[in-house]
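Chemist: File start_9.cif follows (mmCIF, C-alpha atoms):
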```cif
data_coords
#
loop_
_atom_site.label_atom_id
_atom_site.label_comp_id
_atom_site.auth_asym_id
_atom_site.auth_seq_id
_atom_site.Cartn_x
_atom_site.Cartn_y
_atom_site.Cartn_z
CA MET A 1 170.33 4.90 175.89
CA ASP A 2 167.40 2.49 175.58
CA LEU A 3 164.30 3.12 173.48
CA ASN A 4 161.97 3.41 176.50
CA SER A 5 163.89 6.37 177.90
CA ILE A 6 163.20 8.23 174.65
CA LEU A 7 159.61 7.19 173.99
CA PHE A 8 158.29 7.85 177.46
CA PRO A 9 159.03 11.61 177.51
CA VAL A 10 157.81 11.99 173.93
CA LEU A 11 154.54 10.19 174.65
CA SER A 12 154.09 12.11 177.91
CA LEU A 13 154.54 15.48 176.24
CA GLY A 14 152.34 14.46 173.34
CA SER A 15 149.58 13.36 175.71
CA LEU A 16 149.79 16.61 177.64
CA GLY A 17 149.66 18.60 174.42
CA LEU A 18 146.62 16.65 173.24
CA LEU A 19 144.93 17.13 176.62
CA PHE A 20 145.56 20.87 176.67
CA GLY A 21 144.45 21.17 173.05
CA LEU A 22 141.17 19.42 173.78
CA GLY A 23 140.69 21.63 176.84
CA LEU A 24 141.23 24.80 174.86
CA GLY A 25 138.93 23.58 172.11
CA LEU A 26 136.13 22.80 174.57
CA ALA A 27 136.65 26.15 176.30
CA GLY A 28 136.47 27.95 172.97
CA ILE A 29 133.18 26.23 172.19
CA LYS A 30 131.74 26.88 175.65
CA PHE A 31 132.73 30.55 175.88
CA ALA A 32 132.42 31.51 172.22
CA VAL A 33 130.57 34.77 171.60
CA LYS A 34 127.96 34.21 168.95
CA GLU A 35 127.83 36.98 166.35
CA ASP A 36 124.43 38.35 165.51
CA PRO A 37 123.77 37.37 161.87
CA ASN A 38 122.50 40.91 161.25
CA LEU A 39 125.86 42.45 162.14
CA PRO A 40 127.66 41.83 158.80
CA LEU A 41 124.49 42.76 156.91
CA VAL A 42 124.23 46.12 158.70
CA ARG A 43 127.95 46.69 158.24
CA ASP A 44 127.58 46.16 154.48
CA THR A 45 124.99 48.96 154.26
CA LEU A 46 127.42 51.54 155.68
CA PRO A 47 129.55 53.74 153.41
CA GLY A 48 132.87 52.76 155.02
CA ALA A 49 134.04 56.34 155.60
CA ASN A 50 135.05 55.58 159.21
CA CYS A 51 134.75 59.32 159.88
CA GLY A 52 133.53 59.03 163.47
CA GLY A 53 130.60 61.35 162.80
CA CYS A 54 128.25 58.77 164.31
CA GLY A 55 130.04 59.05 167.65
CA PHE A 56 131.71 55.65 167.39
CA ALA A 57 135.24 54.60 166.45
CA GLY A 58 134.23 53.61 162.93
CA CYS A 59 131.67 51.79 160.80
CA ASP A 60 132.29 48.42 162.48
CA ALA A 61 131.69 49.88 165.93
CA PHE A 62 128.59 51.73 164.75
CA ALA A 63 127.16 48.59 163.15
CA ALA A 64 127.68 46.65 166.40
CA ALA A 65 126.01 49.44 168.38
CA VAL A 66 123.00 49.52 166.05
CA VAL A 67 122.51 45.74 166.18
CA SER A 68 122.79 45.74 169.98
CA GLY A 69 120.30 48.60 170.28
CA LYS A 70 122.85 51.12 171.59
CA ALA A 71 122.65 53.43 168.55
CA GLU A 72 119.89 54.76 166.32
CA ILE A 73 119.75 53.54 162.74
CA THR A 74 119.77 57.19 161.65
CA GLY A 75 123.14 57.79 163.30
CA CYS A 76 125.30 57.66 160.16
CA PRO A 77 125.66 61.25 158.90
CA VAL A 78 127.44 60.20 155.72
CA GLY A 79 124.87 57.66 154.59
CA GLY A 80 121.88 59.75 155.66
CA ARG A 81 118.38 58.58 154.87
CA LYS A 82 119.47 56.04 152.27
CA VAL A 83 121.61 54.10 154.74
CA ALA A 84 119.01 54.40 157.50
CA ALA A 85 116.41 52.88 155.19
CA ALA A 86 118.78 50.05 154.26
CA ILE A 87 119.52 49.27 157.92
CA ALA A 88 115.81 49.35 158.71
CA GLU A 89 115.17 46.80 155.96
CA VAL A 90 117.86 44.49 157.38
CA LEU A 91 116.47 44.74 160.91
CA GLY A 92 112.83 44.65 159.84
CA ILE A 93 111.90 47.96 161.44
CA VAL A 94 110.56 51.32 160.28
CA ALA A 95 113.09 54.10 159.73
CA ASP A 96 112.11 57.46 161.20
CA GLU A 97 112.90 60.47 159.06
CA LYS A 98 115.91 62.41 160.35
CA GLU A 99 116.33 66.05 159.48
CA ARG A 100 119.43 66.75 157.40
CA HIS A 101 122.06 68.91 159.07
CA VAL A 102 124.98 70.75 157.52
CA ALA A 103 127.91 72.66 158.94
CA PHE A 104 127.87 76.46 159.03
CA VAL A 105 130.84 78.81 159.58
CA LYS A 106 129.74 81.76 161.71
CA CYS A 107 131.96 84.36 160.06
CA GLY A 108 131.63 86.61 157.03
CA GLY A 109 134.84 88.50 157.70
CA SER A 110 136.65 87.94 154.42
CA CYS A 111 139.88 89.80 153.67
CA ASP A 112 138.05 92.70 152.02
CA LYS A 113 135.55 93.04 154.89
CA THR A 114 137.82 92.90 157.94
CA ARG A 115 141.06 94.44 159.14
CA SER A 116 144.43 92.99 160.13
CA ASN A 117 146.80 94.06 162.89
CA TYR A 118 149.84 92.79 161.04
CA GLU A 119 150.84 90.69 158.05
CA TYR A 120 151.25 87.00 158.80
CA ASP A 121 153.49 84.82 156.66
CA GLY A 122 153.88 81.46 158.32
CA LEU A 123 152.37 78.04 158.95
CA MET A 124 148.76 77.91 157.77
CA ASP A 125 147.29 76.08 160.73
CA CYS A 126 144.55 77.62 162.83
CA THR A 127 145.69 76.18 166.15
CA ALA A 128 149.23 77.43 165.54
CA ILE A 129 147.92 80.87 164.55
CA THR A 130 146.00 81.23 167.84
CA HIS A 131 149.33 81.23 169.69
CA LEU A 132 150.49 84.36 167.87
CA ALA A 133 150.19 87.88 169.28
CA SER A 134 146.51 88.89 169.70
CA GLY A 135 145.50 85.33 168.80
CA GLY A 136 146.19 85.90 165.11
CA SER A 137 146.70 88.74 162.67
CA LYS A 138 143.00 89.58 162.21
CA SER A 139 141.71 92.45 164.33
CA CYS A 140 138.55 90.49 165.22
CA THR A 141 139.56 87.88 167.77
CA TYR A 142 136.34 85.92 167.20
CA GLY A 143 136.56 85.47 163.44
CA CYS A 144 137.83 82.81 161.06
CA LEU A 145 141.62 82.64 161.07
CA GLY A 146 141.82 81.40 157.50
CA GLY A 147 144.40 78.72 158.30
CA GLY A 148 142.38 75.98 156.63
CA SER A 149 142.45 73.44 159.47
CA CYS A 150 138.77 72.66 158.90
CA TYR A 151 139.38 72.37 155.16
CA ARG A 152 142.11 69.77 155.69
CA ALA A 153 139.99 67.86 158.24
CA CYS A 154 137.09 67.40 155.81
CA ASN A 155 137.11 64.11 153.88
CA PHE A 156 134.19 65.03 151.64
CA ASN A 157 135.33 68.16 149.79
CA ALA A 158 132.65 70.14 151.62
CA ILE A 159 134.83 73.10 152.65
CA GLU A 160 136.64 75.65 150.54
CA MET A 161 138.78 78.62 151.55
CA VAL A 162 137.47 81.79 149.92
CA ASP A 163 139.16 85.15 150.46
CA GLY A 164 140.57 84.21 153.85
CA ILE A 165 137.58 82.41 155.39
CA ALA A 166 136.10 78.93 155.28
CA LYS A 167 132.91 78.32 153.31
CA ILE A 168 130.72 75.20 153.46
CA LYS A 169 129.50 73.52 150.29
CA ASN A 170 126.15 72.27 151.58
CA GLU A 171 125.67 69.72 148.81
CA ASN A 172 128.80 67.85 149.93
CA CYS A 173 128.48 68.21 153.70
CA THR A 174 127.72 64.99 155.58
CA ALA A 175 127.60 66.58 159.07
CA CYS A 176 130.38 64.30 160.27
CA GLY A 177 131.60 67.03 162.65
CA LYS A 178 135.33 66.78 161.91
CA CYS A 179 135.52 70.45 160.92
CA ILE A 180 133.90 71.43 164.23
CA ASN A 181 136.63 69.65 166.18
CA ALA A 182 139.34 71.18 163.98
CA CYS A 183 138.28 74.81 164.56
CA PRO A 184 139.99 76.34 167.64
CA LYS A 185 137.60 79.31 167.54
CA ASN A 186 134.44 77.16 167.80
CA LEU A 187 133.12 78.94 164.74
CA ILE A 188 131.44 75.96 163.11
CA GLU A 189 128.14 74.44 164.15
CA LEU A 190 125.66 71.99 162.68
CA LEU A 191 122.32 73.46 161.70
CA PRO A 192 119.29 71.92 159.99
CA ASP A 193 119.71 72.39 156.26
CA LYS A 194 116.22 73.85 155.96
CA ASN A 195 117.07 76.77 158.28
CA LEU A 196 118.12 79.33 155.72
CA VAL A 197 118.35 82.41 157.96
CA LYS A 198 121.72 82.43 159.71
CA VAL A 199 123.88 84.81 161.73
CA ASN A 200 127.14 85.17 159.85
CA CYS A 201 129.12 86.44 162.84
CA ASN A 202 130.51 85.22 166.15
CA SER A 203 131.79 88.46 167.72
CA ARG A 204 130.90 89.34 171.31
CA ASP A 205 132.57 92.74 171.15
CA ASN A 206 130.45 95.85 171.58
CA GLY A 207 129.01 97.41 168.45
CA LYS A 208 131.65 100.12 168.11
CA MET A 209 134.53 97.65 168.37
CA THR A 210 132.90 95.16 165.99
CA LYS A 211 132.27 97.86 163.40
CA THR A 212 135.91 98.97 163.65
CA ASN A 213 137.11 95.43 163.06
CA CYS A 214 134.66 94.20 160.43
CA ASP A 215 132.20 95.68 157.95
CA VAL A 216 129.77 92.76 158.19
CA GLY A 217 129.86 91.95 161.89
CA CYS A 218 126.86 91.98 164.22
CA ILE A 219 126.83 95.27 166.17
CA GLY A 220 124.09 94.23 168.60
CA CYS A 221 121.79 97.09 167.56
CA LYS A 222 118.61 95.04 168.18
CA ILE A 223 117.02 96.19 164.92
CA CYS A 224 116.59 92.52 163.91
CA GLU A 225 115.01 91.76 167.28
CA LYS A 226 112.45 94.52 166.81
CA ALA A 227 111.79 93.57 163.19
CA CYS A 228 110.89 89.97 164.00
CA ASN A 229 107.17 89.40 164.58
CA PHE A 230 107.68 85.86 165.83
CA ASP A 231 110.05 86.41 168.78
CA ALA A 232 112.67 84.37 166.95
CA VAL A 233 115.63 86.76 167.11
CA HIS A 234 117.31 88.04 170.26
CA ILE A 235 120.57 89.81 171.08
CA GLU A 236 122.71 87.90 173.58
CA ASN A 237 126.21 89.10 174.52
CA ASN A 238 126.16 91.68 171.71
CA LEU A 239 125.34 88.98 169.15
CA ALA A 240 122.11 88.08 167.35
CA ARG A 241 120.73 84.59 167.95
CA VAL A 242 118.00 82.90 165.92
CA ASP A 243 115.55 80.55 167.61
CA TYR A 244 114.81 78.11 164.80
CA THR A 245 111.81 76.67 166.61
CA LYS A 246 110.13 80.04 166.06
CA CYS A 247 111.74 81.30 162.84
CA THR A 248 109.38 81.34 159.85
CA MET A 249 112.08 82.55 157.44
CA CYS A 250 110.08 85.69 156.67
CA ASN A 251 113.46 87.45 156.21
CA GLU A 252 112.42 90.66 157.94
CA CYS A 253 115.54 90.45 160.12
CA THR A 254 117.83 90.04 157.11
CA LYS A 255 116.20 92.98 155.34
CA LYS A 256 116.62 95.31 158.31
CA CYS A 257 120.12 94.27 159.46
CA PRO A 258 122.34 97.32 158.77
CA THR A 259 125.57 95.30 158.40
CA LYS A 260 124.01 92.23 156.73
CA ALA A 261 125.41 90.06 159.52
CA ILE A 262 122.17 88.08 159.34
CA CYS A 263 122.10 86.40 155.96
CA SER A 264 119.40 84.58 154.06
CA LEU A 265 120.13 81.51 151.99
CA VAL A 266 116.61 81.31 150.61
CA LYS A 267 116.55 79.02 147.60
CA GLU A 268 114.87 80.55 144.61
#
```
In structure tokens, how does this file's structure come out?

Modeler:
Amino acid sequence: MDLNSILFPVLSLGSLGLLFGLGLGLAGIKFAVKEDPNLPLVRDTLPGANCGGCGFAGCDAFAAAVVSGKAEITGCPVGGRKVAAAIAEVLGIVADEKERHVAFVKCGGSCDKTRSNYEYDGLMDCTAITHLASGGSKSCTYGCLGGGSCYRACNFNAIEMVDGIAKIKNENCTACGKCINACPKNLIELLPDKNLVKVNCNSRDNGKMTKTNCDVGCIGCKICEKACNFDAVHIENNLARVDYTKCTMCNECTKKCPTKAICSLVKE
């Protein structure tokens, strides 16, 4: 075998490789997506929780959305005002104040306040419990199941299980919304932290049935509705609702509620 028969294929393949390499390099330069220099700076201001509370897959996705104008700078529930101010400084804009929200569990039916149809001794998971007879052992089919699914979903130690029901620790809550998604009863909602008058019940049963099931449930008596001078409380589907755009937190409804289903968290 002569030398030419070896060199020619080697040189041919080498030339083709060089040609394709140059082509790919030029294509990479031509079609390269330039990263906004603000993107890493915005990303560095975020807490890195990757909780999804902003509505995006994680902090990287949220940072990209903010820089591209697809998300508000106040969208990070974990970072709150501090992070919004930091992002505003990076982008050279003014940060609007965003009202702080916290989760609230619409149930006061603790073990000593409500009744049970049977004793349950099994997997402590709310979704699993809903598949049991009557949707769980508690006589109220609207109340907290006590399985702790929301507690396990929270990454910020903002939920504790107390006497069979979930309680929110407002000081730790970041309004990420994971507990809301974890609750099969849709018992948890986000409310402005300043709204201190809240309905601690979710039952739509008639008053007689609610009173049989729970000592602190809303019986739809309309006493709160009549007590309110600001048209802020109304009974809908046997349950009191507070219109926070009208509520002045005068606490007349909480004072008159016979079952104390409407509670006041007024800070002394």

Chemist: Pick the closest to A:Leu41 from A:Cys214, A:Ile180, A:Ile159, A:Ala63: which is it, counting only C-alpha atoms?

Modeler: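 Smallest distance to A:Leu41 is found for A:Ala63.
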
Chemist: Tell me which residues the PyMOL selection byres ((chain A and resi 150) around 9) grabs here, as an MDAnalysis selection string.

Modeler: chainID A and resid 126 147:149 151:154 159 166 178:183

Chemist: Which residues, written as a PyMOL selection string, have at least one atom at most 8 Å from A:Lys138, with only C-alpha atoms counted and residues fewer than 4 positions away on the same chain left out?

Modeler: chain A and resi 114-118+143+145

Chemist: Write the residues of the selection above to a file with C-alpha atoms, as a compact mmCIF listing (two decimals), in the coordinates of the input.

Modeler:
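This went into again05.txt:
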```txt
# COMPACT_ATOMS: atom_id res chain seq x y z
CA THR A 114 137.82 92.90 157.94
CA ARG A 115 141.06 94.44 159.14
CA SER A 116 144.43 92.99 160.13
CA ASN A 117 146.80 94.06 162.89
CA TYR A 118 149.84 92.79 161.04
CA GLY A 143 136.56 85.47 163.44
CA LEU A 145 141.62 82.64 161.07
```

Chemist: Under the rule that all atoms listed in the file are counted, which of A:Ala84, A:Val90, A:Ala128, A:Ala103 is the nearest residue to A:Asn172?

Modeler: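 Closest to A:Asn172, using all atoms listed in the file: A:Ala103.
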
Chemist: Would you list the contacts of stretch 191-201 of chain A as a PyMOL selection string, taking every protein, DNA or RNA residue within 7 Å and counting all atoms listed in the file, but skipping same-chain residues closer than 2 positions in sequence?

Modeler: chain A and resi 99-104+106-108+189+203+217-218+240-241+249+261-266

Chemist: Would you put the residues from that selection into a file with C-alpha atoms, as a PDB file, in the coordinates of the input?

Modeler:
```pdb
ATOM      1  CA  GLU A  99     116.330  66.050 159.480  1.00  0.00           C
ATOM      2  CA  ARG A 100     119.430  66.750 157.400  1.00  0.00           C
ATOM      3  CA  HIS A 101     122.060  68.910 159.070  1.00  0.00           C
ATOM      4  CA  VAL A 102     124.980  70.750 157.520  1.00  0.00           C
ATOM      5  CA  ALA A 103     127.910  72.660 158.940  1.00  0.00           C
ATOM      6  CA  PHE A 104     127.870  76.460 159.030  1.00  0.00           C
ATOM      7  CA  LYS A 106     129.740  81.760 161.710  1.00  0.00           C
ATOM      8  CA  CYS A 107     131.960  84.360 160.060  1.00  0.00           C
ATOM      9  CA  GLY A 108     131.630  86.610 157.030  1.00  0.00           C
ATOM     10  CA  GLU A 189     128.140  74.440 164.150  1.00  0.00           C
ATOM     11  CA  SER A 203     131.790  88.460 167.720  1.00  0.00           C
ATOM     12  CA  GLY A 217     129.860  91.950 161.890  1.00  0.00           C
ATOM     13  CA  CYS A 218     126.860  91.980 164.220  1.00  0.00           C
ATOM     14  CA  ALA A 240     122.110  88.080 167.350  1.00  0.00           C
ATOM     15  CA  ARG A 241     120.730  84.590 167.950  1.00  0.00           C
ATOM     16  CA  MET A 249     112.080  82.550 157.440  1.00  0.00           C
ATOM     17  CA  ALA A 261     125.410  90.060 159.520  1.00  0.00           C
ATOM     18  CA  ILE A 262     122.170  88.080 159.340  1.00  0.00           C
ATOM     19  CA  CYS A 263     122.100  86.400 155.960  1.00  0.00           C
ATOM     20  CA  SER A 264     119.400  84.580 154.060  1.00  0.00           C
ATOM     21  CA  LEU A 265     120.130  81.510 151.990  1.00  0.00           C
ATOM     22  CA  VAL A 266     116.610  81.310 150.610  1.00  0.00           C
TER      23      VAL A 266
END
```

Chemist: If the PyMOL selection byres ((chain A and resi 53) around 6) were run on this exact file, what residues would it hold? Put them as a tab-separated table (two decimals) with C-alpha atoms, keeping the file's coordinate frame.

Modeler:
```tsv
chain	number	residue	atom	x	y	z
A	51	CYS	CA	134.75	59.32	159.88
A	52	GLY	CA	133.53	59.03	163.47
A	54	CYS	CA	128.25	58.77	164.31
A	55	GLY	CA	130.04	59.05	167.65
A	176	CYS	CA	130.38	64.30	160.27
A	177	GLY	CA	131.60	67.03	162.65
```

Chemist: Could you check which of A:Asn50, A:Thr74, A:Ser110, A:Asn206 is closest to A:Val94, using only C-alpha atoms?

Modeler: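 Using only C-alpha atoms, the shortest distance to A:Val94 belongs to A:Thr74.
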
Chemist: Please measure the separation of atom CA of A:Thr127 and atom CA of A:Thr259, giving the value in Å to one decimal.

Modeler: 28.8 Å

Chemist: Care to translate the PyMOL selection byres ((chain A and resi 222) around 10) into actual residues of this file, as a list of chain:residue names?

Modeler: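 Matching residues under the PyMOL selection byres ((chain A and resi 222) around 10) are A:Cys218, A:Ile219, A:Gly220, A:Cys221, A:Ile223, A:Cys224, A:Glu225, A:Lys226, A:Ala227, A:Val233, A:His234, A:Ile235, A:Glu236, A:Asn238, A:Leu239, A:Ala240, A:Cys253, A:Cys257.
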
Chemist: Residues as selected, C-alpha atoms, written as a PDB file, keeping the file's coordinate frame, can you do that?

Modeler:
```pdb
ATOM      1  CA  CYS A 218     126.860  91.980 164.220  1.00  0.00           C
ATOM      2  CA  ILE A 219     126.830  95.270 166.170  1.00  0.00           C
ATOM      3  CA  GLY A 220     124.090  94.230 168.600  1.00  0.00           C
ATOM      4  CA  CYS A 221     121.790  97.090 167.560  1.00  0.00           C
ATOM      5  CA  ILE A 223     117.020  96.190 164.920  1.00  0.00           C
ATOM      6  CA  CYS A 224     116.590  92.520 163.910  1.00  0.00           C
ATOM      7  CA  GLU A 225     115.010  91.760 167.280  1.00  0.00           C
ATOM      8  CA  LYS A 226     112.450  94.520 166.810  1.00  0.00           C
ATOM      9  CA  ALA A 227     111.790  93.570 163.190  1.00  0.00           C
ATOM     10  CA  VAL A 233     115.630  86.760 167.110  1.00  0.00           C
ATOM     11  CA  HIS A 234     117.310  88.040 170.260  1.00  0.00           C
ATOM     12  CA  ILE A 235     120.570  89.810 171.080  1.00  0.00           C
ATOM     13  CA  GLU A 236     122.710  87.900 173.580  1.00  0.00           C
ATOM     14  CA  ASN A 238     126.160  91.680 171.710  1.00  0.00           C
ATOM     15  CA  LEU A 239     125.340  88.980 169.150  1.00  0.00           C
ATOM     16  CA  ALA A 240     122.110  88.080 167.350  1.00  0.00           C
ATOM     17  CA  CYS A 253     115.540  90.450 160.120  1.00  0.00           C
ATOM     18  CA  CYS A 257     120.120  94.270 159.460  1.00  0.00           C
TER      19      CYS A 257
END
```

Chemist: Rounded to one decimal, what separation in Å do you get between atom CA of A:Thr254 and atom CA of A:Gly207?

Modeler: 17.5 Å

Chemist: Atom CA of A:Cys247 to atom CA of A:Gly109: how many Å, to one decimal?

Modeler: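 Pair atom CA of A:Cys247 / atom CA of A:Gly109 returns 24.7 Å.
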
Chemist: Could you give me, as a ChimeraX atom specification, the residues within 12 Å of A:Pro40, counting all atoms listed in the file and dropping anything in the same chain fewer than 4 positions from it?

Modeler: /A:35-36,44-46,59-64,66-67,87,90-91

Chemist: For A:Lys211, which residue out of A:Ser139, A:Asn170, A:Ser134, A:Asn38 is the nearest one, using only C-alpha atoms?

Modeler: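 Checking each of A:Ser139, A:Asn170, A:Ser134, A:Asn38 against A:Lys211, counting only C-alpha atoms, the winner is A:Ser139.
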
Chemist: Just the residues within 9 Å of A:Glu171, please, counting only C-alpha atoms, with nothing from its chain fewer than 3 positions along; format it as a list of chain:residue names.

Modeler: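 Residues near the query, excluding close chain neighbours: A:Val102, A:Ala158, A:Ile168, A:Thr174.
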
Chemist: Taking all heavy atoms as the atom set, what does stretch 38-47 of chain A look like once completed, written as a short mmCIF file (atom, residue, chain, number, x, y, z; two decimals), in the frame of the given file?

Modeler:
```
data_model
loop_
_atom_site.label_atom_id
_atom_site.label_comp_id
_atom_site.auth_asym_id
_atom_site.auth_seq_id
_atom_site.Cartn_x
_atom_site.Cartn_y
_atom_site.Cartn_z
N ASN A 38 122.80 39.62 161.86
CA ASN A 38 122.50 40.91 161.25
C ASN A 38 123.71 41.84 161.20
O ASN A 38 123.72 42.81 160.43
CB ASN A 38 121.38 41.62 162.01
CG ASN A 38 120.01 41.01 161.74
OD1 ASN A 38 119.76 40.54 160.64
ND2 ASN A 38 119.15 40.99 162.74
N LEU A 39 124.72 41.55 162.03
CA LEU A 39 125.86 42.45 162.14
C LEU A 39 126.58 42.66 160.80
O LEU A 39 126.76 43.81 160.37
CB LEU A 39 126.83 41.96 163.20
CG LEU A 39 128.08 42.81 163.44
CD1 LEU A 39 127.68 44.24 163.80
CD2 LEU A 39 128.93 42.21 164.55
N PRO A 40 126.99 41.60 160.10
CA PRO A 40 127.66 41.83 158.80
C PRO A 40 126.73 42.46 157.77
O PRO A 40 127.20 43.20 156.88
CB PRO A 40 128.12 40.43 158.38
CG PRO A 40 127.25 39.49 159.14
CD PRO A 40 126.95 40.16 160.45
N LEU A 41 125.43 42.18 157.87
CA LEU A 41 124.49 42.76 156.91
C LEU A 41 124.35 44.27 157.12
O LEU A 41 124.31 45.04 156.16
CB LEU A 41 123.11 42.08 157.06
CG LEU A 41 123.07 40.58 156.80
CD1 LEU A 41 121.67 40.03 157.04
CD2 LEU A 41 123.53 40.28 155.37
N VAL A 42 124.29 44.68 158.40
CA VAL A 42 124.23 46.12 158.70
C VAL A 42 125.54 46.79 158.29
O VAL A 42 125.53 47.88 157.71
CB VAL A 42 123.96 46.34 160.21
CG1 VAL A 42 124.14 47.82 160.58
CG2 VAL A 42 122.56 45.88 160.57
N ARG A 43 126.65 46.11 158.59
CA ARG A 43 127.95 46.69 158.24
C ARG A 43 128.06 46.92 156.73
O ARG A 43 128.63 47.93 156.28
CB ARG A 43 129.08 45.76 158.71
CG ARG A 43 130.48 46.21 158.34
CD ARG A 43 130.80 47.57 158.96
NE ARG A 43 132.10 48.06 158.54
CZ ARG A 43 132.33 48.71 157.41
NH1 ARG A 43 131.33 48.96 156.57
NH2 ARG A 43 133.55 49.16 157.13
N ASP A 44 127.50 46.03 155.94
CA ASP A 44 127.58 46.16 154.48
C ASP A 44 126.77 47.34 153.94
O ASP A 44 127.02 47.80 152.82
CB ASP A 44 127.10 44.86 153.81
CG ASP A 44 128.11 43.73 153.97
OD1 ASP A 44 129.28 44.02 154.30
OD2 ASP A 44 127.72 42.56 153.78
N THR A 45 125.79 47.81 154.72
CA THR A 45 124.99 48.96 154.26
C THR A 45 125.71 50.29 154.48
O THR A 45 125.35 51.29 153.87
CB THR A 45 123.64 49.03 155.00
OG1 THR A 45 123.87 49.35 156.39
CG2 THR A 45 122.87 47.73 154.89
N LEU A 46 126.74 50.29 155.33
CA LEU A 46 127.42 51.54 155.68
C LEU A 46 128.42 51.94 154.60
O LEU A 46 128.98 51.10 153.91
CB LEU A 46 128.12 51.38 157.03
CG LEU A 46 127.19 51.02 158.20
CD1 LEU A 46 127.99 50.83 159.49
CD2 LEU A 46 126.12 52.09 158.40
N PRO A 47 128.69 53.25 154.49
CA PRO A 47 129.55 53.74 153.41
C PRO A 47 131.04 53.45 153.59
O PRO A 47 131.80 53.58 152.65
CB PRO A 47 129.30 55.26 153.42
CG PRO A 47 128.84 55.55 154.81
CD PRO A 47 128.06 54.35 155.24
#
```
